[in-house]
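Have a look at coords.cif; it's mmCIF, N, CA and C atoms:
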```cif
data_data
#
loop_
_atom_site.label_atom_id
_atom_site.label_comp_id
_atom_site.auth_asym_id
_atom_site.auth_seq_id
_atom_site.Cartn_x
_atom_site.Cartn_y
_atom_site.Cartn_z
N MET A 139 248.98 42.93 -101.86
CA MET A 139 247.74 43.62 -101.52
C MET A 139 248.02 44.54 -100.34
N ARG A 140 247.54 45.75 -100.44
CA ARG A 140 247.75 46.73 -99.38
C ARG A 140 246.99 46.33 -98.12
N ALA A 141 247.51 46.77 -96.97
CA ALA A 141 246.89 46.44 -95.69
C ALA A 141 245.45 46.95 -95.60
N GLU A 142 245.20 48.13 -96.15
CA GLU A 142 243.85 48.69 -96.11
C GLU A 142 242.87 47.84 -96.90
N LYS A 143 243.31 47.34 -98.04
CA LYS A 143 242.44 46.51 -98.86
C LYS A 143 242.18 45.18 -98.16
N ARG A 144 243.19 44.60 -97.53
CA ARG A 144 242.99 43.36 -96.77
C ARG A 144 241.99 43.57 -95.64
N LEU A 145 242.13 44.71 -94.93
CA LEU A 145 241.20 45.02 -93.85
C LEU A 145 239.77 45.10 -94.37
N LEU A 146 239.56 45.83 -95.45
CA LEU A 146 238.21 45.96 -96.02
C LEU A 146 237.67 44.61 -96.46
N TRP A 147 238.47 43.79 -97.11
CA TRP A 147 238.00 42.46 -97.53
C TRP A 147 237.58 41.64 -96.32
N TRP A 148 238.39 41.67 -95.27
CA TRP A 148 238.07 40.87 -94.09
C TRP A 148 236.80 41.36 -93.40
N ILE A 149 236.68 42.66 -93.18
CA ILE A 149 235.53 43.23 -92.47
C ILE A 149 234.24 43.12 -93.29
N LEU A 150 234.35 43.27 -94.61
CA LEU A 150 233.14 43.37 -95.43
C LEU A 150 232.79 42.09 -96.18
N ALA A 151 233.77 41.27 -96.49
CA ALA A 151 233.45 40.09 -97.29
C ALA A 151 233.91 38.79 -96.65
N GLY A 152 234.82 38.86 -95.71
CA GLY A 152 235.40 37.63 -95.18
C GLY A 152 234.91 37.24 -93.81
N SER A 153 233.92 37.92 -93.29
CA SER A 153 233.44 37.59 -91.96
C SER A 153 231.91 37.67 -91.92
N ALA A 154 231.35 36.96 -90.95
CA ALA A 154 229.89 37.00 -90.79
C ALA A 154 229.46 38.44 -90.53
N GLY A 155 228.37 38.85 -91.13
CA GLY A 155 227.87 40.21 -90.95
C GLY A 155 228.46 41.21 -91.91
N GLY A 156 229.34 40.76 -92.78
CA GLY A 156 229.99 41.66 -93.71
C GLY A 156 229.03 42.39 -94.62
N PHE A 157 227.98 41.70 -95.07
CA PHE A 157 227.02 42.34 -95.96
C PHE A 157 226.33 43.52 -95.27
N ASN A 158 225.93 43.31 -94.01
CA ASN A 158 225.29 44.42 -93.28
C ASN A 158 226.26 45.55 -93.00
N ARG A 159 227.52 45.23 -92.69
CA ARG A 159 228.50 46.29 -92.49
C ARG A 159 228.72 47.07 -93.78
N THR A 160 228.71 46.37 -94.90
CA THR A 160 228.87 47.04 -96.20
C THR A 160 227.68 47.96 -96.45
N ARG A 161 226.48 47.49 -96.15
CA ARG A 161 225.28 48.32 -96.32
C ARG A 161 225.35 49.57 -95.44
N ILE A 162 225.81 49.40 -94.20
CA ILE A 162 225.93 50.53 -93.28
C ILE A 162 226.92 51.55 -93.83
N LEU A 163 228.08 51.09 -94.26
CA LEU A 163 229.07 52.02 -94.81
C LEU A 163 228.54 52.71 -96.05
N ASN A 164 227.86 51.98 -96.89
CA ASN A 164 227.31 52.58 -98.10
C ASN A 164 226.34 53.72 -97.76
N GLU A 165 225.52 53.53 -96.74
CA GLU A 165 224.60 54.59 -96.31
C GLU A 165 225.35 55.77 -95.71
N LEU A 166 226.38 55.50 -94.91
CA LEU A 166 227.12 56.58 -94.27
C LEU A 166 227.91 57.39 -95.28
N ILE A 167 228.32 56.78 -96.36
CA ILE A 167 229.01 57.50 -97.42
C ILE A 167 228.06 58.51 -98.06
N GLN A 168 226.79 58.13 -98.16
CA GLN A 168 225.79 59.03 -98.75
C GLN A 168 225.43 60.16 -97.79
N THR A 169 225.15 59.80 -96.52
CA THR A 169 224.70 60.78 -95.52
C THR A 169 225.09 60.29 -94.13
N PRO A 170 225.76 61.10 -93.33
CA PRO A 170 226.02 60.72 -91.94
C PRO A 170 224.70 60.50 -91.21
N ARG A 171 224.68 59.51 -90.33
CA ARG A 171 223.45 59.16 -89.62
C ARG A 171 223.77 58.68 -88.21
N ASN A 172 222.73 58.57 -87.38
CA ASN A 172 222.89 57.95 -86.08
C ASN A 172 222.45 56.48 -86.16
N ALA A 173 222.66 55.74 -85.09
CA ALA A 173 222.37 54.31 -85.10
C ALA A 173 220.89 54.02 -85.33
N ASN A 174 220.02 54.80 -84.73
CA ASN A 174 218.58 54.58 -84.89
C ASN A 174 218.15 54.78 -86.34
N GLU A 175 218.65 55.84 -86.97
CA GLU A 175 218.32 56.08 -88.38
C GLU A 175 218.80 54.92 -89.26
N LEU A 176 220.01 54.44 -88.99
CA LEU A 176 220.54 53.32 -89.78
C LEU A 176 219.71 52.06 -89.59
N SER A 177 219.37 51.76 -88.35
CA SER A 177 218.61 50.53 -88.10
C SER A 177 217.24 50.58 -88.78
N THR A 178 216.60 51.74 -88.76
CA THR A 178 215.30 51.90 -89.42
C THR A 178 215.45 51.82 -90.94
N LEU A 179 216.40 52.55 -91.47
CA LEU A 179 216.61 52.60 -92.91
C LEU A 179 216.96 51.24 -93.50
N LEU A 180 217.81 50.49 -92.79
CA LEU A 180 218.29 49.20 -93.30
C LEU A 180 217.46 48.02 -92.80
N ASP A 181 216.43 48.30 -92.02
CA ASP A 181 215.57 47.27 -91.46
C ASP A 181 216.38 46.24 -90.67
N LEU A 182 217.23 46.75 -89.78
CA LEU A 182 218.04 45.91 -88.90
C LEU A 182 217.66 46.19 -87.45
N ASP A 183 217.81 45.19 -86.61
CA ASP A 183 217.61 45.38 -85.18
C ASP A 183 218.60 46.43 -84.68
N TYR A 184 218.18 47.26 -83.74
CA TYR A 184 219.03 48.32 -83.22
C TYR A 184 220.33 47.76 -82.64
N LYS A 185 220.23 46.68 -81.85
CA LYS A 185 221.44 46.09 -81.24
C LYS A 185 222.38 45.54 -82.31
N THR A 186 221.82 44.97 -83.36
CA THR A 186 222.64 44.47 -84.46
C THR A 186 223.37 45.63 -85.13
N THR A 187 222.66 46.71 -85.35
CA THR A 187 223.26 47.89 -85.96
C THR A 187 224.39 48.41 -85.09
N ARG A 188 224.15 48.53 -83.79
CA ARG A 188 225.19 49.00 -82.86
C ARG A 188 226.41 48.08 -82.89
N HIS A 189 226.19 46.77 -82.93
CA HIS A 189 227.29 45.81 -82.99
C HIS A 189 228.16 46.07 -84.22
N HIS A 190 227.53 46.22 -85.38
CA HIS A 190 228.29 46.46 -86.61
C HIS A 190 228.99 47.82 -86.56
N LEU A 191 228.35 48.83 -86.01
CA LEU A 191 228.99 50.14 -85.88
C LEU A 191 230.22 50.06 -84.98
N ASP A 192 230.12 49.29 -83.90
CA ASP A 192 231.27 49.12 -83.00
C ASP A 192 232.44 48.47 -83.73
N ILE A 193 232.16 47.46 -84.53
CA ILE A 193 233.22 46.79 -85.30
C ILE A 193 233.85 47.75 -86.29
N LEU A 194 233.02 48.50 -86.99
CA LEU A 194 233.53 49.46 -87.97
C LEU A 194 234.36 50.55 -87.30
N GLU A 195 233.93 50.99 -86.13
CA GLU A 195 234.68 52.03 -85.42
C GLU A 195 236.00 51.49 -84.89
N LYS A 196 236.00 50.29 -84.33
CA LYS A 196 237.23 49.69 -83.81
C LYS A 196 238.27 49.49 -84.92
N ASN A 197 237.80 49.28 -86.13
CA ASN A 197 238.70 49.06 -87.26
C ASN A 197 238.95 50.34 -88.05
N ARG A 198 238.56 51.48 -87.47
CA ARG A 198 238.85 52.81 -88.00
C ARG A 198 238.24 53.08 -89.37
N LEU A 199 237.09 52.45 -89.66
CA LEU A 199 236.42 52.69 -90.93
C LEU A 199 235.34 53.76 -90.82
N ILE A 200 234.93 54.07 -89.59
CA ILE A 200 234.00 55.17 -89.36
C ILE A 200 234.52 56.02 -88.21
N SER A 201 234.07 57.25 -88.16
CA SER A 201 234.37 58.13 -87.03
C SER A 201 233.06 58.67 -86.49
N THR A 202 233.11 59.21 -85.29
CA THR A 202 231.88 59.66 -84.63
C THR A 202 232.03 61.08 -84.12
N ILE A 203 230.89 61.71 -83.97
CA ILE A 203 230.79 63.00 -83.29
C ILE A 203 229.57 62.90 -82.38
N GLY A 204 229.72 63.36 -81.15
CA GLY A 204 228.63 63.30 -80.20
C GLY A 204 228.77 62.10 -79.28
N ASN A 205 227.75 61.92 -78.44
CA ASN A 205 227.79 60.79 -77.52
C ASN A 205 226.39 60.24 -77.31
N LYS A 206 226.36 59.06 -76.75
CA LYS A 206 225.13 58.32 -76.46
C LYS A 206 224.22 58.24 -77.69
N TYR A 207 222.94 58.53 -77.51
CA TYR A 207 221.98 58.37 -78.61
C TYR A 207 222.15 59.41 -79.71
N GLY A 208 222.82 60.50 -79.41
CA GLY A 208 223.03 61.54 -80.41
C GLY A 208 224.27 61.34 -81.25
N THR A 209 224.99 60.25 -81.05
CA THR A 209 226.22 60.02 -81.81
C THR A 209 225.92 59.91 -83.30
N MET A 210 226.64 60.69 -84.06
CA MET A 210 226.54 60.64 -85.52
C MET A 210 227.76 59.91 -86.06
N TYR A 211 227.53 59.10 -87.08
CA TYR A 211 228.59 58.30 -87.68
C TYR A 211 228.92 58.83 -89.07
N PHE A 212 230.21 58.86 -89.36
CA PHE A 212 230.73 59.39 -90.62
C PHE A 212 231.76 58.42 -91.18
N PRO A 213 231.98 58.41 -92.49
CA PRO A 213 233.10 57.64 -93.03
C PRO A 213 234.40 58.22 -92.48
N SER A 214 235.35 57.36 -92.15
CA SER A 214 236.62 57.84 -91.60
C SER A 214 237.54 58.30 -92.74
N ASP A 215 238.61 58.96 -92.35
CA ASP A 215 239.62 59.36 -93.33
C ASP A 215 240.22 58.13 -94.00
N LEU A 216 240.41 57.06 -93.23
CA LEU A 216 240.95 55.81 -93.78
C LEU A 216 240.04 55.26 -94.87
N LEU A 217 238.74 55.23 -94.61
CA LEU A 217 237.80 54.74 -95.61
C LEU A 217 237.78 55.65 -96.83
N GLU A 218 237.73 56.95 -96.60
CA GLU A 218 237.68 57.88 -97.72
C GLU A 218 238.92 57.78 -98.60
N ALA A 219 240.08 57.54 -97.98
CA ALA A 219 241.32 57.40 -98.75
C ALA A 219 241.37 56.10 -99.56
N ASN A 220 240.52 55.14 -99.18
CA ASN A 220 240.51 53.84 -99.84
C ASN A 220 239.15 53.53 -100.44
N MET A 221 238.45 54.57 -100.86
CA MET A 221 237.10 54.41 -101.39
C MET A 221 237.08 53.51 -102.62
N HIS A 222 238.12 53.53 -103.43
CA HIS A 222 238.15 52.68 -104.62
C HIS A 222 238.13 51.20 -104.23
N PHE A 223 238.78 50.84 -103.12
CA PHE A 223 238.72 49.46 -102.65
C PHE A 223 237.32 49.13 -102.15
N PHE A 224 236.71 50.07 -101.41
CA PHE A 224 235.35 49.84 -100.91
C PHE A 224 234.40 49.60 -102.07
N LYS A 225 234.47 50.43 -103.10
CA LYS A 225 233.56 50.28 -104.24
C LYS A 225 233.75 48.95 -104.95
N GLU A 226 235.00 48.52 -105.06
CA GLU A 226 235.29 47.21 -105.68
C GLU A 226 234.67 46.09 -104.86
N ILE A 227 234.86 46.14 -103.55
CA ILE A 227 234.33 45.10 -102.66
C ILE A 227 232.81 45.17 -102.59
N TRP A 228 232.23 46.37 -102.51
CA TRP A 228 230.78 46.54 -102.47
C TRP A 228 230.14 45.89 -103.67
N GLY A 229 230.70 46.10 -104.84
CA GLY A 229 230.15 45.49 -106.05
C GLY A 229 230.14 43.97 -105.97
N LYS A 230 231.21 43.39 -105.46
CA LYS A 230 231.29 41.93 -105.36
C LYS A 230 230.42 41.37 -104.25
N VAL A 231 230.42 42.02 -103.10
CA VAL A 231 229.60 41.56 -101.96
C VAL A 231 228.13 41.67 -102.32
N ASN A 232 227.71 42.78 -102.89
CA ASN A 232 226.32 43.00 -103.26
C ASN A 232 225.88 41.96 -104.30
N LYS A 233 226.70 41.72 -105.27
CA LYS A 233 226.39 40.74 -106.32
C LYS A 233 226.24 39.34 -105.72
N ASN A 234 227.15 38.96 -104.82
CA ASN A 234 227.08 37.64 -104.19
C ASN A 234 225.84 37.50 -103.31
N GLU A 235 225.46 38.56 -102.61
CA GLU A 235 224.27 38.51 -101.75
C GLU A 235 223.01 38.38 -102.59
N ILE A 236 222.96 39.06 -103.70
CA ILE A 236 221.81 38.95 -104.60
C ILE A 236 221.70 37.52 -105.12
N LYS A 237 222.82 36.92 -105.51
CA LYS A 237 222.81 35.53 -105.99
C LYS A 237 222.36 34.58 -104.89
N LYS A 238 222.87 34.79 -103.66
CA LYS A 238 222.51 33.93 -102.54
C LYS A 238 221.02 34.01 -102.26
N ASN A 239 220.47 35.20 -102.24
CA ASN A 239 219.03 35.37 -102.00
C ASN A 239 218.20 34.78 -103.13
N TYR A 240 218.68 34.87 -104.35
CA TYR A 240 217.97 34.30 -105.48
C TYR A 240 217.94 32.77 -105.34
N ARG A 241 219.07 32.17 -104.95
CA ARG A 241 219.10 30.71 -104.77
C ARG A 241 218.15 30.29 -103.66
N LYS A 242 218.10 31.06 -102.58
CA LYS A 242 217.16 30.73 -101.49
C LYS A 242 215.72 30.77 -102.01
N GLY A 243 215.42 31.73 -102.84
CA GLY A 243 214.08 31.84 -103.41
C GLY A 243 213.74 30.66 -104.31
N GLU A 244 214.74 30.12 -105.00
CA GLU A 244 214.51 28.97 -105.86
C GLU A 244 214.20 27.72 -105.07
N GLU A 245 214.79 27.61 -103.85
CA GLU A 245 214.62 26.42 -103.03
C GLU A 245 213.24 26.32 -102.43
N LYS A 246 212.52 27.42 -102.33
CA LYS A 246 211.20 27.43 -101.68
C LYS A 246 210.17 26.69 -102.48
#
```

This entry written out as structure tokens:
Amino acid sequence: MRAEKRLLWWILAGSAGGFNRTRILNELIQTPRNANELSTLLDLDYKTTRHHLDILEKNRLISTIGNKYGTMYFPSDLLEANMHFFKEIWGKVNKNEIKKNYRKGEEK
């Protein structure tokens, strides 16, 4: 398995918060956004969104332009070069999250 694919699996499927990081990347692939737009769009706390963005940036999956509140986030060259891995993982992570939420609904 390539190093890039291992990184994506770990960040998106193998660690806590992976589902939200996957959702953030999926949105950024569609349209670059700032942290406030992402938190509103994904119905996440602003600090939670910033935390996930920091992780994604440290792992070179997103790049930024601007500073402070005006910072815009974009998919990185690394992510774009490995988009086929992201799509594979997104499909599996999304499917697992749907199943997990369905099971929670059954327990109520």

Which of A:Thr169, A:His189, A:Asp215, A:Arg144 sits closest to Ser201 (chain A) [using all atoms listed in the file]:
A:Asp215

So which residues touch Tyr207 (chain A) within 8 Å, counting only C-alpha atoms, skipping near sequence neighbours fewer than 2 positions away, as a PDB file with N, CA and C atoms, in the frame of the given file?
```pdb
ATOM      1  N   ASN A 172     222.730  58.570 -87.380  1.00  0.00           N
ATOM      2  CA  ASN A 172     222.890  57.950 -86.080  1.00  0.00           C
ATOM      3  C   ASN A 172     222.450  56.480 -86.160  1.00  0.00           C
ATOM      4  N   ALA A 173     222.660  55.740 -85.090  1.00  0.00           N
ATOM      5  CA  ALA A 173     222.370  54.310 -85.100  1.00  0.00           C
ATOM      6  C   ALA A 173     220.890  54.020 -85.330  1.00  0.00           C
ATOM      7  N   ASN A 205     227.750  61.920 -78.440  1.00  0.00           N
ATOM      8  CA  ASN A 205     227.790  60.790 -77.520  1.00  0.00           C
ATOM      9  C   ASN A 205     226.390  60.240 -77.310  1.00  0.00           C
ATOM     10  N   THR A 209     224.990  60.250 -81.050  1.00  0.00           N
ATOM     11  CA  THR A 209     226.220  60.020 -81.810  1.00  0.00           C
ATOM     12  C   THR A 209     225.920  59.910 -83.300  1.00  0.00           C
TER      13      THR A 209
END
```

re CA of Leu166 (chain A) and CA of Glu218 (chain A): distance 11.2 Å

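Between CA of Arg159 (chain A) and CA of Met139 (chain A) lies a distance of 21.4 Å.
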
Just say which residues the PyMOL selection byres ((chain A and resi 197-200) around 8) picks in this file, as a ChimeraX atom specification.
/A:163,191-196,201-203,211-218

Go ahead and write the selection's residues with N, CA and C atoms as a PDB file, in the frame of the given file.
```
ATOM      1  N   LEU A 163     228.080  51.090 -94.260  1.00  0.00           N
ATOM      2  CA  LEU A 163     229.070  52.020 -94.810  1.00  0.00           C
ATOM      3  C   LEU A 163     228.540  52.710 -96.050  1.00  0.00           C
ATOM      4  N   LEU A 191     228.350  48.830 -86.010  1.00  0.00           N
ATOM      5  CA  LEU A 191     228.990  50.140 -85.880  1.00  0.00           C
ATOM      6  C   LEU A 191     230.220  50.060 -84.980  1.00  0.00           C
ATOM      7  N   ASP A 192     230.120  49.290 -83.900  1.00  0.00           N
ATOM      8  CA  ASP A 192     231.270  49.120 -83.000  1.00  0.00           C
ATOM      9  C   ASP A 192     232.440  48.470 -83.730  1.00  0.00           C
ATOM     10  N   ILE A 193     232.160  47.460 -84.530  1.00  0.00           N
ATOM     11  CA  ILE A 193     233.220  46.790 -85.300  1.00  0.00           C
ATOM     12  C   ILE A 193     233.850  47.750 -86.290  1.00  0.00           C
ATOM     13  N   LEU A 194     233.020  48.500 -86.990  1.00  0.00           N
ATOM     14  CA  LEU A 194     233.530  49.460 -87.970  1.00  0.00           C
ATOM     15  C   LEU A 194     234.360  50.550 -87.300  1.00  0.00           C
ATOM     16  N   GLU A 195     233.930  50.990 -86.130  1.00  0.00           N
ATOM     17  CA  GLU A 195     234.680  52.030 -85.420  1.00  0.00           C
ATOM     18  C   GLU A 195     236.000  51.490 -84.890  1.00  0.00           C
ATOM     19  N   LYS A 196     236.000  50.290 -84.330  1.00  0.00           N
ATOM     20  CA  LYS A 196     237.230  49.690 -83.810  1.00  0.00           C
ATOM     21  C   LYS A 196     238.270  49.490 -84.920  1.00  0.00           C
ATOM     22  N   SER A 201     234.070  57.250 -88.160  1.00  0.00           N
ATOM     23  CA  SER A 201     234.370  58.130 -87.030  1.00  0.00           C
ATOM     24  C   SER A 201     233.060  58.670 -86.490  1.00  0.00           C
ATOM     25  N   THR A 202     233.110  59.210 -85.290  1.00  0.00           N
ATOM     26  CA  THR A 202     231.880  59.660 -84.630  1.00  0.00           C
ATOM     27  C   THR A 202     232.030  61.080 -84.120  1.00  0.00           C
ATOM     28  N   ILE A 203     230.890  61.710 -83.970  1.00  0.00           N
ATOM     29  CA  ILE A 203     230.790  63.000 -83.290  1.00  0.00           C
ATOM     30  C   ILE A 203     229.570  62.900 -82.380  1.00  0.00           C
ATOM     31  N   TYR A 211     227.530  59.100 -87.080  1.00  0.00           N
ATOM     32  CA  TYR A 211     228.590  58.300 -87.680  1.00  0.00           C
ATOM     33  C   TYR A 211     228.920  58.830 -89.070  1.00  0.00           C
ATOM     34  N   PHE A 212     230.210  58.860 -89.360  1.00  0.00           N
ATOM     35  CA  PHE A 212     230.730  59.390 -90.620  1.00  0.00           C
ATOM     36  C   PHE A 212     231.760  58.420 -91.180  1.00  0.00           C
ATOM     37  N   PRO A 213     231.980  58.410 -92.490  1.00  0.00           N
ATOM     38  CA  PRO A 213     233.100  57.640 -93.030  1.00  0.00           C
ATOM     39  C   PRO A 213     234.400  58.220 -92.480  1.00  0.00           C
ATOM     40  N   SER A 214     235.350  57.360 -92.150  1.00  0.00           N
ATOM     41  CA  SER A 214     236.620  57.840 -91.600  1.00  0.00           C
ATOM     42  C   SER A 214     237.540  58.300 -92.740  1.00  0.00           C
ATOM     43  N   ASP A 215     238.610  58.960 -92.350  1.00  0.00           N
ATOM     44  CA  ASP A 215     239.620  59.360 -93.330  1.00  0.00           C
ATOM     45  C   ASP A 215     240.220  58.130 -94.000  1.00  0.00           C
ATOM     46  N   LEU A 216     240.410  57.060 -93.230  1.00  0.00           N
ATOM     47  CA  LEU A 216     240.950  55.810 -93.780  1.00  0.00           C
ATOM     48  C   LEU A 216     240.040  55.260 -94.870  1.00  0.00           C
ATOM     49  N   LEU A 217     238.740  55.230 -94.610  1.00  0.00           N
ATOM     50  CA  LEU A 217     237.800  54.740 -95.610  1.00  0.00           C
ATOM     51  C   LEU A 217     237.780  55.650 -96.830  1.00  0.00           C
ATOM     52  N   GLU A 218     237.730  56.950 -96.600  1.00  0.00           N
ATOM     53  CA  GLU A 218     237.680  57.880 -97.720  1.00  0.00           C
ATOM     54  C   GLU A 218     238.920  57.780 -98.600  1.00  0.00           C
TER      55      GLU A 218
END
```

Given the PyMOL selection byres (((chain A and resi 176 and name CA) around 12) and name CA) and the file above, list the residues it selects as a ChimeraX atom specification.
/A:158-159,161-166,168-175,177-188,190-191,209-212

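CA of Phe223 (chain A) is positioned 8.3 Å from CA of Glu142 (chain A).
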
For region 229-233 of chain A, take all atoms listed in the file, fit an axis-aligned box around them, add 3 Å to each of the six sides, then output centre and edge lengths in Å rounded to one decimal, as lines of an AutoDock Vina configuration file.
```
center_x = 228.6
center_y = 42.7
center_z = -104.1
size_x = 11.4
size_y = 12.8
size_z = 10.4
```

Every residue of chain A that DSSP places in helix (DSSP H, G or I), as JSON, numbers by chain:
{"A": [141, 142, 143, 144, 145, 146, 147, 148, 149, 150, 156, 157, 158, 159, 160, 161, 162, 163, 164, 165, 166, 167, 168, 173, 174, 175, 176, 177, 178, 179, 180, 184, 185, 186, 187, 188, 189, 190, 191, 192, 193, 194, 195, 196, 206, 207, 208, 215, 216, 217, 218, 219, 221, 222, 223, 224, 225, 226, 227, 228, 229, 230, 231, 232, 233, 234, 235, 236, 237, 238, 239, 240, 241, 242, 243, 244, 245]}

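Distances to Asn232 (chain A) were evaluated for A:Phe157, A:Ala219, A:Trp148, A:Ile167 using all atoms listed in the file, and the minimum falls at A:Phe157.
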
Quick one: residues within 8 Å of (232.8, 42.9, -101.5) (file frame), counting all atoms listed in the file, please, as an MDAnalysis selection string.
chainID A and resid 146:147 150:152 156 160 223:234

How would you write, as an MDAnalysis selection string, the set of residues in chain A that DSSP gives as strand (DSSP E)?
chainID A and resid 200:203 210:213
